[in-house]
Amino acid sequence: MTSDRRVAVVTGGASGIGEGCVRKMASEGYHVVAADRDIEKARALVEELTTIGQSVSMESIDVADSTSVDECASIVQGKYGRLDVLVTAAGILESSANLLDMDLEAHDHVWRINYHGTIHCARSFGKLMRAALRGAIVTVGSTTSFVAFPLPAYCPGKTAIRRVTEILAVELGRFGVRVNGVAPTYVITPAMQAKIDAGERDPEVLRNSGALNMLVEPRHIADAVAFLCSDSASAITGVMLPVDAGFNAAIPYRTYAGGVPWKE
Ligand SMILES: NC(=O)c1ccc[n+]([C@@H]2O[C@H](COP(=O)([O-])OP(=O)(O)OC[C@H]3O[C@@H](n4cnc5c(N)ncnc54)[C@H](O)[C@@H]3O)[C@@H](O)[C@H]2O)c1
């Protein structure tokens, strides 16, 4: 069956940035599939949004497992007959560590979900878009896609996502499919809140890390994702868009060796 509505799949759609994207895309009239391994949390979101008349459903997926991702893509194709948007927001955070001392299994676990999860989804869902000659994919990088952080699995993985976003953009451009990414700064999500609660992140440091001195929320990321998927971005592909409250600008400015001419 082919849906009259545009269809968006959001991996990691049950929580945090993915949940923000589900809410935003649903409010814009898409049918949104919240694809997540946490099916109970996805169900609660679907029930909430369905109650207010939005078109949302859920599918179980483990993005680290290519077979699970393939199955989810087949289910979406079978149920809706179209796919307009893919947002790859499933992912995990990392605690700071030394590369030389870190547990290799922990390293590989981060890569399997964040990096392999992204390419599994881009491959399985991207093939539907390539066949349809239309679509938009938005990957989720991070400020760590650009410079070094003491996150020896997460940071290189997010850097690789940035590069693969460019590769996919070139590969799929001639099929009418645009591929971009968002690169959020620290965002107050359940995953980030858990780091705050564990004493691994300080909310005041997060707030003051960017030029805008604000705490960034999932809806801020979702707004940028929706823009990248919209016709307003029809000439934009291969871009990793910082949604960082000025983090990338502020860090080199504030650490300038010649002195900063004003204080907060
Ligand atoms: N929170 C931040 O500060 C921040 C900053 C930059 C980038 N990001 C990125 O945003 C993405 C989402 O992070 P968040 O903070 O919203 O986290 P979150 O934990 O709130 O949400 C992540 C969701 O992904 C799902 N998920 C995790 N592993 C999965 C798997 N293997 N298969 C399917 N679903 C899976 C979880 O169940 C959860 O619903 C991650 O890629 C993260 O790296 C987060």
# chains A, B, ... in the order shown; residues from 1 in each chain; ligands from 1
$ residues_near_ligand --ligand "ligand 1" --cutoff "8 Å" --atoms "only C-alpha atoms and all ligand atoms" --output "number ranges by chain"
A: 11-19, 35-38, 41-42, 60-65, 88-93, 112-114, 117, 140-144, 154, 158, 183-192, 218
$ select_by_dssp --residues "segment 182-225 of chain A" --states "helix (DSSP H, G or I)" --output "ChimeraX atom specification"
/A:190-197,203-208,218-225
$ closest_residue --among "A:Gly126, A:Gly199, A:Gly210, A:Pro242" --to "Phe175 of chain A" --atoms "only C-alpha atoms"
A:Gly126
$ closest_residue --among "A:Pro150, A:Gly176, A:Gly29, A:Gly157" --to "Ala132 of chain A" --atoms "only C-alpha atoms"
A:Gly176
$ select_by_dssp --residues "segment 9-246 of chain A" --states "strand (DSSP E)" --output "MDAnalysis selection string"
chainID A and resid 9:11 31:36 56:60 85:88 135:140 177:184 240:243
$ write_last_selection --atoms "N, CA and C atoms" --output "CSV table (one decimal), in the first residue's frame"
chain,number,residue,atom,x,y,z
A,9,VAL,N,11.3,7.9,8.7
A,9,VAL,CA,11.7,6.9,9.7
A,9,VAL,C,12.8,7.6,10.6
A,10,VAL,N,12.6,7.5,11.9
A,10,VAL,CA,13.6,8.1,12.8
A,10,VAL,C,14.1,7.0,13.7
A,11,THR,N,15.4,6.6,13.5
A,11,THR,CA,15.9,5.6,14.4
A,11,THR,C,16.3,6.3,15.7
A,31,HIS,N,3.9,10.9,8.2
A,31,HIS,CA,3.7,9.7,9.0
A,31,HIS,C,5.1,9.4,9.5
A,32,VAL,N,5.3,9.3,10.8
A,32,VAL,CA,6.6,9.1,11.3
A,32,VAL,C,6.7,7.7,12.0
A,33,VAL,N,7.7,6.9,11.6
A,33,VAL,CA,8.0,5.6,12.2
A,33,VAL,C,9.1,5.8,13.2
A,34,ALA,N,8.7,5.7,14.5
A,34,ALA,CA,9.8,5.7,15.5
A,34,ALA,C,10.4,4.3,15.6
A,35,ALA,N,11.6,4.2,15.1
A,35,ALA,CA,12.3,2.9,15.1
A,35,ALA,C,13.3,2.9,16.2
A,36,ASP,N,13.1,1.9,17.1
A,36,ASP,CA,14.0,1.9,18.3
A,36,ASP,C,14.1,0.5,18.9
A,56,VAL,N,1.7,8.4,13.6
A,56,VAL,CA,2.9,7.9,14.1
A,56,VAL,C,2.8,6.4,14.4
A,57,SER,N,3.8,5.7,14.1
A,57,SER,CA,3.9,4.3,14.4
A,57,SER,C,5.3,3.9,14.9
A,58,MET,N,5.4,2.7,15.3
A,58,MET,CA,6.8,2.3,15.8
A,58,MET,C,7.2,1.0,15.2
A,59,GLU,N,8.5,0.8,15.1
A,59,GLU,CA,9.0,-0.5,14.7
A,59,GLU,C,10.2,-0.8,15.6
A,60,SER,N,10.4,-2.1,15.9
A,60,SER,CA,11.6,-2.5,16.6
A,60,SER,C,12.8,-2.6,15.7
A,85,VAL,N,12.0,10.4,4.2
A,85,VAL,CA,13.0,10.9,5.1
A,85,VAL,C,13.5,9.8,6.0
A,86,LEU,N,14.8,9.8,6.2
A,86,LEU,CA,15.5,8.9,7.2
A,86,LEU,C,16.3,9.8,8.1
A,87,VAL,N,16.1,9.7,9.4
A,87,VAL,CA,17.0,10.4,10.4
A,87,VAL,C,17.6,9.3,11.3
A,88,THR,N,18.9,9.3,11.3
A,88,THR,CA,19.7,8.2,12.0
A,88,THR,C,20.1,8.7,13.4
A,135,GLY,N,14.3,11.5,-1.8
A,135,GLY,CA,14.4,11.3,-0.4
A,135,GLY,C,15.4,12.2,0.2
A,136,ALA,N,15.4,12.2,1.5
A,136,ALA,CA,16.4,13.0,2.3
A,136,ALA,C,16.8,12.2,3.5
A,137,ILE,N,18.1,12.1,3.7
A,137,ILE,CA,18.7,11.4,4.9
A,137,ILE,C,19.4,12.4,5.7
A,138,VAL,N,19.2,12.4,7.0
A,138,VAL,CA,19.9,13.2,8.0
A,138,VAL,C,20.6,12.3,9.0
A,139,THR,N,21.9,12.3,9.0
A,139,THR,CA,22.7,11.6,10.0
A,139,THR,C,22.9,12.5,11.2
A,140,VAL,N,23.3,11.8,12.3
A,140,VAL,CA,23.6,12.6,13.5
A,140,VAL,C,25.1,12.5,13.9
A,177,VAL,N,18.5,12.0,-4.2
A,177,VAL,CA,18.4,11.8,-2.7
A,177,VAL,C,19.5,12.7,-2.1
A,178,ARG,N,19.1,13.6,-1.1
A,178,ARG,CA,20.0,14.4,-0.4
A,178,ARG,C,20.4,13.8,0.9
A,179,VAL,N,21.7,14.0,1.2
A,179,VAL,CA,22.2,13.4,2.5
A,179,VAL,C,23.0,14.5,3.2
A,180,ASN,N,22.5,14.8,4.4
A,180,ASN,CA,23.2,15.8,5.3
A,180,ASN,C,23.2,15.3,6.7
A,181,GLY,N,23.9,16.0,7.5
A,181,GLY,CA,24.0,15.6,8.9
A,181,GLY,C,23.8,16.8,9.8
A,182,VAL,N,23.4,16.6,11.1
A,182,VAL,CA,23.5,17.6,12.1
A,182,VAL,C,24.5,17.3,13.1
A,183,ALA,N,25.2,18.3,13.6
A,183,ALA,CA,26.3,18.1,14.5
A,183,ALA,C,26.0,18.9,15.8
A,184,PRO,N,25.2,18.2,16.7
A,184,PRO,CA,24.8,18.9,17.9
A,184,PRO,C,25.9,19.1,18.9
A,240,MET,N,27.5,18.8,7.1
A,240,MET,CA,27.3,18.4,8.5
A,240,MET,C,27.0,19.7,9.2
A,241,LEU,N,25.8,20.0,9.5
A,241,LEU,CA,25.4,21.4,10.0
A,241,LEU,C,25.5,21.4,11.5
A,242,PRO,N,26.5,22.3,12.1
A,242,PRO,CA,26.5,22.4,13.5
A,242,PRO,C,25.2,23.0,14.1
A,243,VAL,N,24.7,22.4,15.1
A,243,VAL,CA,23.6,23.0,15.8
A,243,VAL,C,24.1,23.1,17.3
$ residues_around --residues "Ala73 of chain A" --least-positions-apart "2" --cutoff "9 Å" --atoms "only C-alpha atoms" --output "number ranges by chain"
A: 68-71, 75-78, 121, 124-125, 128
$ write_last_selection --atoms "N, CA and C atoms" --output "mmCIF file, in the first residue's frame"
data_model
loop_
_atom_site.group_PDB
_atom_site.id
_atom_site.type_symbol
_atom_site.label_atom_id
_atom_site.label_comp_id
_atom_site.auth_asym_id
_atom_site.auth_seq_id
_atom_site.Cartn_x
_atom_site.Cartn_y
_atom_site.Cartn_z
ATOM 1 N N SER A 68 18.520 -6.915 11.269
ATOM 2 C CA SER A 68 17.384 -6.217 11.900
ATOM 3 C C SER A 68 17.029 -4.948 11.108
ATOM 4 N N VAL A 69 18.047 -4.229 10.642
ATOM 5 C CA VAL A 69 17.791 -2.985 9.894
ATOM 6 C C VAL A 69 17.143 -3.314 8.548
ATOM 7 N N ASP A 70 17.646 -4.349 7.882
ATOM 8 C CA ASP A 70 17.047 -4.788 6.602
ATOM 9 C C ASP A 70 15.574 -5.141 6.793
ATOM 10 N N GLU A 71 15.308 -5.877 7.869
ATOM 11 C CA GLU A 71 13.920 -6.298 8.127
ATOM 12 C C GLU A 71 13.028 -5.082 8.350
ATOM 13 N N ILE A 75 9.742 -3.909 6.206
ATOM 14 C CA ILE A 75 8.428 -3.686 6.833
ATOM 15 C C ILE A 75 7.897 -2.302 6.445
ATOM 16 N N VAL A 76 8.756 -1.303 6.493
ATOM 17 C CA VAL A 76 8.321 0.063 6.150
ATOM 18 C C VAL A 76 7.868 0.113 4.695
ATOM 19 N N GLN A 77 8.651 -0.502 3.814
ATOM 20 C CA GLN A 77 8.282 -0.510 2.391
ATOM 21 C C GLN A 77 6.941 -1.226 2.193
ATOM 22 N N GLY A 78 6.769 -2.366 2.871
ATOM 23 C CA GLY A 78 5.532 -3.140 2.741
ATOM 24 C C GLY A 78 4.326 -2.392 3.280
ATOM 25 N N CYS A 121 21.716 1.653 8.404
ATOM 26 C CA CYS A 121 20.440 2.320 8.090
ATOM 27 C C CYS A 121 20.519 3.043 6.749
ATOM 28 N N SER A 124 20.203 0.220 4.013
ATOM 29 C CA SER A 124 18.907 -0.460 3.849
ATOM 30 C C SER A 124 17.806 0.515 3.437
ATOM 31 N N PHE A 125 17.740 1.655 4.105
ATOM 32 C CA PHE A 125 16.674 2.613 3.784
ATOM 33 C C PHE A 125 17.053 3.443 2.553
ATOM 34 N N LEU A 128 15.803 2.084 -0.720
ATOM 35 C CA LEU A 128 14.401 2.399 -1.043
ATOM 36 C C LEU A 128 14.327 3.774 -1.708
#
$ residues_around --residues "Gln54 of chain A" --least-positions-apart "2" --cutoff "12 Å" --atoms "only C-alpha atoms" --output "ChimeraX atom specification"
/A:5,22-33,45-52,56-57
$ write_last_selection --atoms "N, CA, C and O atoms" --output "mmCIF file, in the first residue's frame"
data_model
loop_
_atom_site.group_PDB
_atom_site.id
_atom_site.type_symbol
_atom_site.label_atom_id
_atom_site.label_comp_id
_atom_site.auth_asym_id
_atom_site.auth_seq_id
_atom_site.Cartn_x
_atom_site.Cartn_y
_atom_site.Cartn_z
ATOM 1 N N ARG A 5 0.585 10.275 2.598
ATOM 2 C CA ARG A 5 1.457 11.131 3.411
ATOM 3 C C ARG A 5 2.915 10.827 3.124
ATOM 4 O O ARG A 5 3.267 9.685 2.852
ATOM 5 N N VAL A 22 10.878 12.929 15.937
ATOM 6 C CA VAL A 22 9.558 12.316 15.727
ATOM 7 C C VAL A 22 8.473 13.370 15.949
ATOM 8 O O VAL A 22 7.556 13.536 15.129
ATOM 9 N N ARG A 23 8.571 14.098 17.057
ATOM 10 C CA ARG A 23 7.558 15.119 17.370
ATOM 11 C C ARG A 23 7.503 16.186 16.271
ATOM 12 O O ARG A 23 6.425 16.596 15.823
ATOM 13 N N LYS A 24 8.657 16.638 15.837
ATOM 14 C CA LYS A 24 8.703 17.717 14.834
ATOM 15 C C LYS A 24 8.144 17.249 13.485
ATOM 16 O O LYS A 24 7.307 17.938 12.873
ATOM 17 N N MET A 25 8.616 16.086 13.011
ATOM 18 C CA MET A 25 8.184 15.623 11.691
ATOM 19 C C MET A 25 6.689 15.279 11.709
ATOM 20 O O MET A 25 5.981 15.524 10.739
ATOM 21 N N ALA A 26 6.202 14.732 12.822
ATOM 22 C CA ALA A 26 4.766 14.432 12.931
ATOM 23 C C ALA A 26 3.959 15.727 12.892
ATOM 24 O O ALA A 26 2.916 15.806 12.237
ATOM 25 N N SER A 27 4.471 16.762 13.557
ATOM 26 C CA SER A 27 3.738 18.043 13.579
ATOM 27 C C SER A 27 3.736 18.677 12.195
ATOM 28 O O SER A 27 2.890 19.523 11.897
ATOM 29 N N GLU A 28 4.674 18.268 11.340
ATOM 30 C CA GLU A 28 4.713 18.811 9.975
ATOM 31 C C GLU A 28 3.895 17.962 8.998
ATOM 32 O O GLU A 28 3.935 18.205 7.790
ATOM 33 N N GLY A 29 3.206 16.951 9.489
ATOM 34 C CA GLY A 29 2.285 16.193 8.648
ATOM 35 C C GLY A 29 2.846 14.903 8.074
ATOM 36 O O GLY A 29 2.165 14.209 7.312
ATOM 37 N N TYR A 30 4.062 14.553 8.411
ATOM 38 C CA TYR A 30 4.599 13.255 7.989
ATOM 39 C C TYR A 30 3.911 12.135 8.757
ATOM 40 O O TYR A 30 3.478 12.333 9.910
ATOM 41 N N HIS A 31 3.855 10.937 8.157
ATOM 42 C CA HIS A 31 3.677 9.742 8.975
ATOM 43 C C HIS A 31 5.073 9.383 9.469
ATOM 44 O O HIS A 31 5.988 9.174 8.664
ATOM 45 N N VAL A 32 5.263 9.300 10.769
ATOM 46 C CA VAL A 32 6.596 9.057 11.317
ATOM 47 C C VAL A 32 6.665 7.675 11.955
ATOM 48 O O VAL A 32 5.804 7.314 12.767
ATOM 49 N N VAL A 33 7.681 6.931 11.572
ATOM 50 C CA VAL A 33 7.954 5.631 12.180
ATOM 51 C C VAL A 33 9.082 5.827 13.188
ATOM 52 O O VAL A 33 10.214 6.142 12.808
ATOM 53 N N LEU A 45 5.357 6.930 23.333
ATOM 54 C CA LEU A 45 5.387 8.144 22.503
ATOM 55 C C LEU A 45 4.322 8.075 21.415
ATOM 56 O O LEU A 45 3.604 9.054 21.160
ATOM 57 N N VAL A 46 4.223 6.893 20.777
ATOM 58 C CA VAL A 46 3.228 6.727 19.710
ATOM 59 C C VAL A 46 1.823 6.936 20.268
ATOM 60 O O VAL A 46 0.990 7.625 19.659
ATOM 61 N N GLU A 47 1.570 6.378 21.441
ATOM 62 C CA GLU A 47 0.229 6.534 22.038
ATOM 63 C C GLU A 47 -0.052 8.005 22.333
ATOM 64 O O GLU A 47 -1.143 8.509 22.043
ATOM 65 N N GLU A 48 0.934 8.693 22.868
ATOM 66 C CA GLU A 48 0.740 10.118 23.186
ATOM 67 C C GLU A 48 0.428 10.925 21.921
ATOM 68 O O GLU A 48 -0.517 11.720 21.892
ATOM 69 N N LEU A 49 1.197 10.708 20.868
ATOM 70 C CA LEU A 49 1.029 11.532 19.654
ATOM 71 C C LEU A 49 -0.214 11.128 18.871
ATOM 72 O O LEU A 49 -0.871 11.969 18.245
ATOM 73 N N THR A 50 -0.554 9.835 18.915
ATOM 74 C CA THR A 50 -1.763 9.381 18.225
ATOM 75 C C THR A 50 -2.993 10.000 18.872
ATOM 76 O O THR A 50 -3.939 10.390 18.188
ATOM 77 N N THR A 51 -2.945 10.126 20.181
ATOM 78 C CA THR A 51 -4.073 10.706 20.923
ATOM 79 C C THR A 51 -4.351 12.136 20.472
ATOM 80 O O THR A 51 -5.502 12.583 20.477
ATOM 81 N N ILE A 52 -3.311 12.851 20.068
ATOM 82 C CA ILE A 52 -3.558 14.238 19.615
ATOM 83 C C ILE A 52 -3.670 14.314 18.085
ATOM 84 O O ILE A 52 -3.513 15.379 17.489
ATOM 85 N N VAL A 56 1.657 8.437 13.618
ATOM 86 C CA VAL A 56 2.934 7.926 14.123
ATOM 87 C C VAL A 56 2.799 6.425 14.379
ATOM 88 O O VAL A 56 1.735 5.965 14.787
ATOM 89 N N SER A 57 3.844 5.684 14.103
ATOM 90 C CA SER A 57 3.857 4.262 14.443
ATOM 91 C C SER A 57 5.259 3.908 14.923
ATOM 92 O O SER A 57 6.148 4.764 14.927
#
$ closest_residue --among "A:Thr118, A:Asn98, A:Thr165, A:Gln193" --to "Phe149 of chain A" --atoms "only C-alpha atoms"
A:Asn98
$ residues_around --residues "Trp262 of chain A" --least-positions-apart "6" --cutoff "12 Å" --atoms "only C-alpha atoms" --output "ChimeraX atom specification"
/A:253-254,256
$ residues_around --residues "Thr159 of chain A" --least-positions-apart "4" --cutoff "7 Å" --atoms "only C-alpha atoms" --output "count of residues only"
5
$ atom_distance --atom1 "atom CA of Ala97 of chain A" --atom2 "atom CA of Pro152 of chain A"
6.7 Å
$ closest_residue --among "A:Ile39, A:Ala153, A:Val147, A:Cys72" --to "Leu104 of chain A" --atoms "only C-alpha atoms"
A:Ala153
$ residues_around --residues "Asn208 of chain A" --least-positions-apart "3" --cutoff "12 Å" --atoms "only C-alpha atoms" --output "list of chain:residue names"
A:Thr185, A:Tyr186, A:Asp202, A:Pro203, A:Glu204, A:Val205, A:Ala211, A:Leu212, A:Asn213, A:Met214, A:Leu215, A:Val216, A:Asp244, A:Ala245, A:Gly246, A:Phe247, A:Ala250, A:Ile251, A:Arg254, A:Glu264
$ write_last_selection --atoms "all heavy atoms" --output "short mmCIF file (atom, residue, chain, number, x, y, z; two decimals), in the first residue's frame"
data_model
loop_
_atom_site.label_atom_id
_atom_site.label_comp_id
_atom_site.auth_asym_id
_atom_site.auth_seq_id
_atom_site.Cartn_x
_atom_site.Cartn_y
_atom_site.Cartn_z
N THR A 185 25.82 20.23 19.67
CA THR A 185 26.63 20.38 20.88
C THR A 185 26.00 19.52 21.97
O THR A 185 25.17 18.65 21.69
CB THR A 185 26.67 21.86 21.31
OG1 THR A 185 27.52 21.99 22.45
CG2 THR A 185 25.28 22.41 21.64
N TYR A 186 26.37 19.73 23.22
CA TYR A 186 25.71 19.03 24.33
C TYR A 186 24.21 19.34 24.31
O TYR A 186 23.83 20.51 24.24
CB TYR A 186 26.27 19.52 25.67
CG TYR A 186 27.78 19.47 25.78
CD1 TYR A 186 28.54 20.64 25.73
CD2 TYR A 186 28.44 18.26 25.93
CE1 TYR A 186 29.92 20.60 25.85
CE2 TYR A 186 29.82 18.21 26.04
CZ TYR A 186 30.57 19.39 25.99
OH TYR A 186 31.92 19.35 26.10
N ASP A 202 28.78 18.70 33.82
CA ASP A 202 28.29 19.78 34.69
C ASP A 202 27.38 20.68 33.85
O ASP A 202 27.84 21.29 32.88
CB ASP A 202 29.52 20.55 35.21
CG ASP A 202 29.12 21.74 36.07
OD1 ASP A 202 27.94 22.17 36.01
OD2 ASP A 202 30.00 22.25 36.79
N PRO A 203 26.09 20.79 34.22
CA PRO A 203 25.17 21.58 33.40
C PRO A 203 25.62 23.02 33.20
O PRO A 203 25.38 23.61 32.14
CB PRO A 203 23.85 21.52 34.16
CG PRO A 203 24.00 20.53 35.23
CD PRO A 203 25.44 20.15 35.36
N GLU A 204 26.29 23.60 34.20
CA GLU A 204 26.75 24.99 34.04
C GLU A 204 27.85 25.08 32.99
O GLU A 204 27.91 26.04 32.21
CB GLU A 204 27.22 25.57 35.38
CG GLU A 204 26.09 26.16 36.20
CD GLU A 204 25.12 27.02 35.36
OE1 GLU A 204 25.53 28.09 34.86
OE2 GLU A 204 23.96 26.62 35.19
N VAL A 205 28.72 24.08 32.97
CA VAL A 205 29.77 24.04 31.94
C VAL A 205 29.13 23.86 30.56
O VAL A 205 29.52 24.50 29.58
CB VAL A 205 30.80 22.92 32.23
CG1 VAL A 205 31.81 22.80 31.09
CG2 VAL A 205 31.51 23.18 33.56
N ALA A 211 28.64 30.22 22.42
CA ALA A 211 28.50 31.68 22.38
C ALA A 211 27.16 32.14 22.94
O ALA A 211 27.06 33.24 23.49
CB ALA A 211 28.66 32.16 20.94
N LEU A 212 26.12 31.31 22.81
CA LEU A 212 24.77 31.74 23.22
C LEU A 212 24.47 31.48 24.69
O LEU A 212 23.40 31.86 25.16
CB LEU A 212 23.72 31.03 22.35
CG LEU A 212 23.72 31.44 20.87
CD1 LEU A 212 22.70 30.61 20.08
CD2 LEU A 212 23.41 32.93 20.71
N ASN A 213 25.37 30.82 25.41
CA ASN A 213 25.15 30.54 26.84
C ASN A 213 23.74 29.99 27.10
O ASN A 213 22.97 30.53 27.89
CB ASN A 213 25.38 31.79 27.70
CG ASN A 213 26.82 32.26 27.59
OD1 ASN A 213 27.10 33.27 26.95
ND2 ASN A 213 27.74 31.52 28.15
N MET A 214 23.42 28.93 26.40
CA MET A 214 22.09 28.31 26.57
C MET A 214 22.24 26.80 26.66
O MET A 214 23.26 26.24 26.21
CB MET A 214 21.19 28.65 25.37
CG MET A 214 21.68 28.06 24.05
SD MET A 214 20.68 28.55 22.61
CE MET A 214 19.32 27.38 22.74
N LEU A 215 21.25 26.16 27.26
CA LEU A 215 21.18 24.71 27.23
C LEU A 215 20.37 24.31 26.00
O LEU A 215 19.25 24.77 25.81
CB LEU A 215 20.51 24.17 28.50
CG LEU A 215 21.36 24.25 29.77
CD1 LEU A 215 20.54 23.84 30.99
CD2 LEU A 215 22.61 23.37 29.67
N VAL A 216 20.98 23.50 25.16
CA VAL A 216 20.33 23.10 23.91
C VAL A 216 19.43 21.89 24.19
O VAL A 216 19.80 20.98 24.94
CB VAL A 216 21.39 22.79 22.83
CG1 VAL A 216 20.74 22.26 21.56
CG2 VAL A 216 22.20 24.05 22.54
N ASP A 244 24.92 24.15 17.49
CA ASP A 244 25.86 24.10 18.63
C ASP A 244 25.85 25.34 19.51
O ASP A 244 26.74 25.49 20.35
CB ASP A 244 27.27 23.83 18.11
CG ASP A 244 27.86 25.01 17.34
OD1 ASP A 244 27.11 25.97 17.04
OD2 ASP A 244 29.06 24.97 17.03
N ALA A 245 24.86 26.22 19.32
CA ALA A 245 24.79 27.45 20.14
C ALA A 245 26.11 28.21 20.11
O ALA A 245 26.46 28.92 21.06
CB ALA A 245 24.37 27.11 21.57
N GLY A 246 26.87 28.04 19.04
CA GLY A 246 28.12 28.78 18.90
C GLY A 246 29.32 28.11 19.55
O GLY A 246 30.37 28.74 19.75
N PHE A 247 29.22 26.82 19.84
CA PHE A 247 30.32 26.09 20.50
C PHE A 247 31.59 26.13 19.64
O PHE A 247 32.68 26.46 20.14
CB PHE A 247 29.88 24.64 20.75
CG PHE A 247 30.93 23.77 21.39
CD1 PHE A 247 30.96 23.60 22.77
CD2 PHE A 247 31.87 23.09 20.62
CE1 PHE A 247 31.91 22.79 23.36
CE2 PHE A 247 32.83 22.28 21.21
CZ PHE A 247 32.84 22.13 22.58
N ALA A 250 33.12 29.50 19.78
CA ALA A 250 33.51 30.01 21.10
C ALA A 250 34.79 29.38 21.63
O ALA A 250 35.58 30.07 22.29
CB ALA A 250 32.37 29.78 22.10
N ILE A 251 34.99 28.10 21.38
CA ILE A 251 36.12 27.43 22.03
C ILE A 251 37.46 28.02 21.56
O ILE A 251 38.28 28.43 22.40
CB ILE A 251 36.05 25.89 21.82
CG1 ILE A 251 34.77 25.35 22.47
CG2 ILE A 251 37.29 25.20 22.38
CD1 ILE A 251 34.58 25.65 23.96
N ARG A 254 37.74 31.72 22.91
CA ARG A 254 37.96 31.90 24.34
C ARG A 254 39.30 31.38 24.82
O ARG A 254 39.73 31.72 25.92
CB ARG A 254 36.82 31.21 25.12
CG ARG A 254 35.51 31.95 24.99
CD ARG A 254 34.37 31.21 25.67
NE ARG A 254 33.13 31.94 25.54
CZ ARG A 254 31.93 31.39 25.58
NH1 ARG A 254 31.81 30.09 25.74
NH2 ARG A 254 30.85 32.12 25.45
N GLU A 264 33.25 37.26 30.52
CA GLU A 264 31.81 37.01 30.63
C GLU A 264 31.23 37.91 31.71
O GLU A 264 31.84 38.06 32.75
CB GLU A 264 31.55 35.56 31.01
CG GLU A 264 32.10 34.56 30.00
CD GLU A 264 31.27 34.48 28.73
OE1 GLU A 264 30.05 34.65 28.81
OE2 GLU A 264 31.86 34.28 27.66
#
$ atom_distance --atom1 "atom CA of Glu217 of chain A" --atom2 "atom CA of His116 of chain A"
25.7 Å
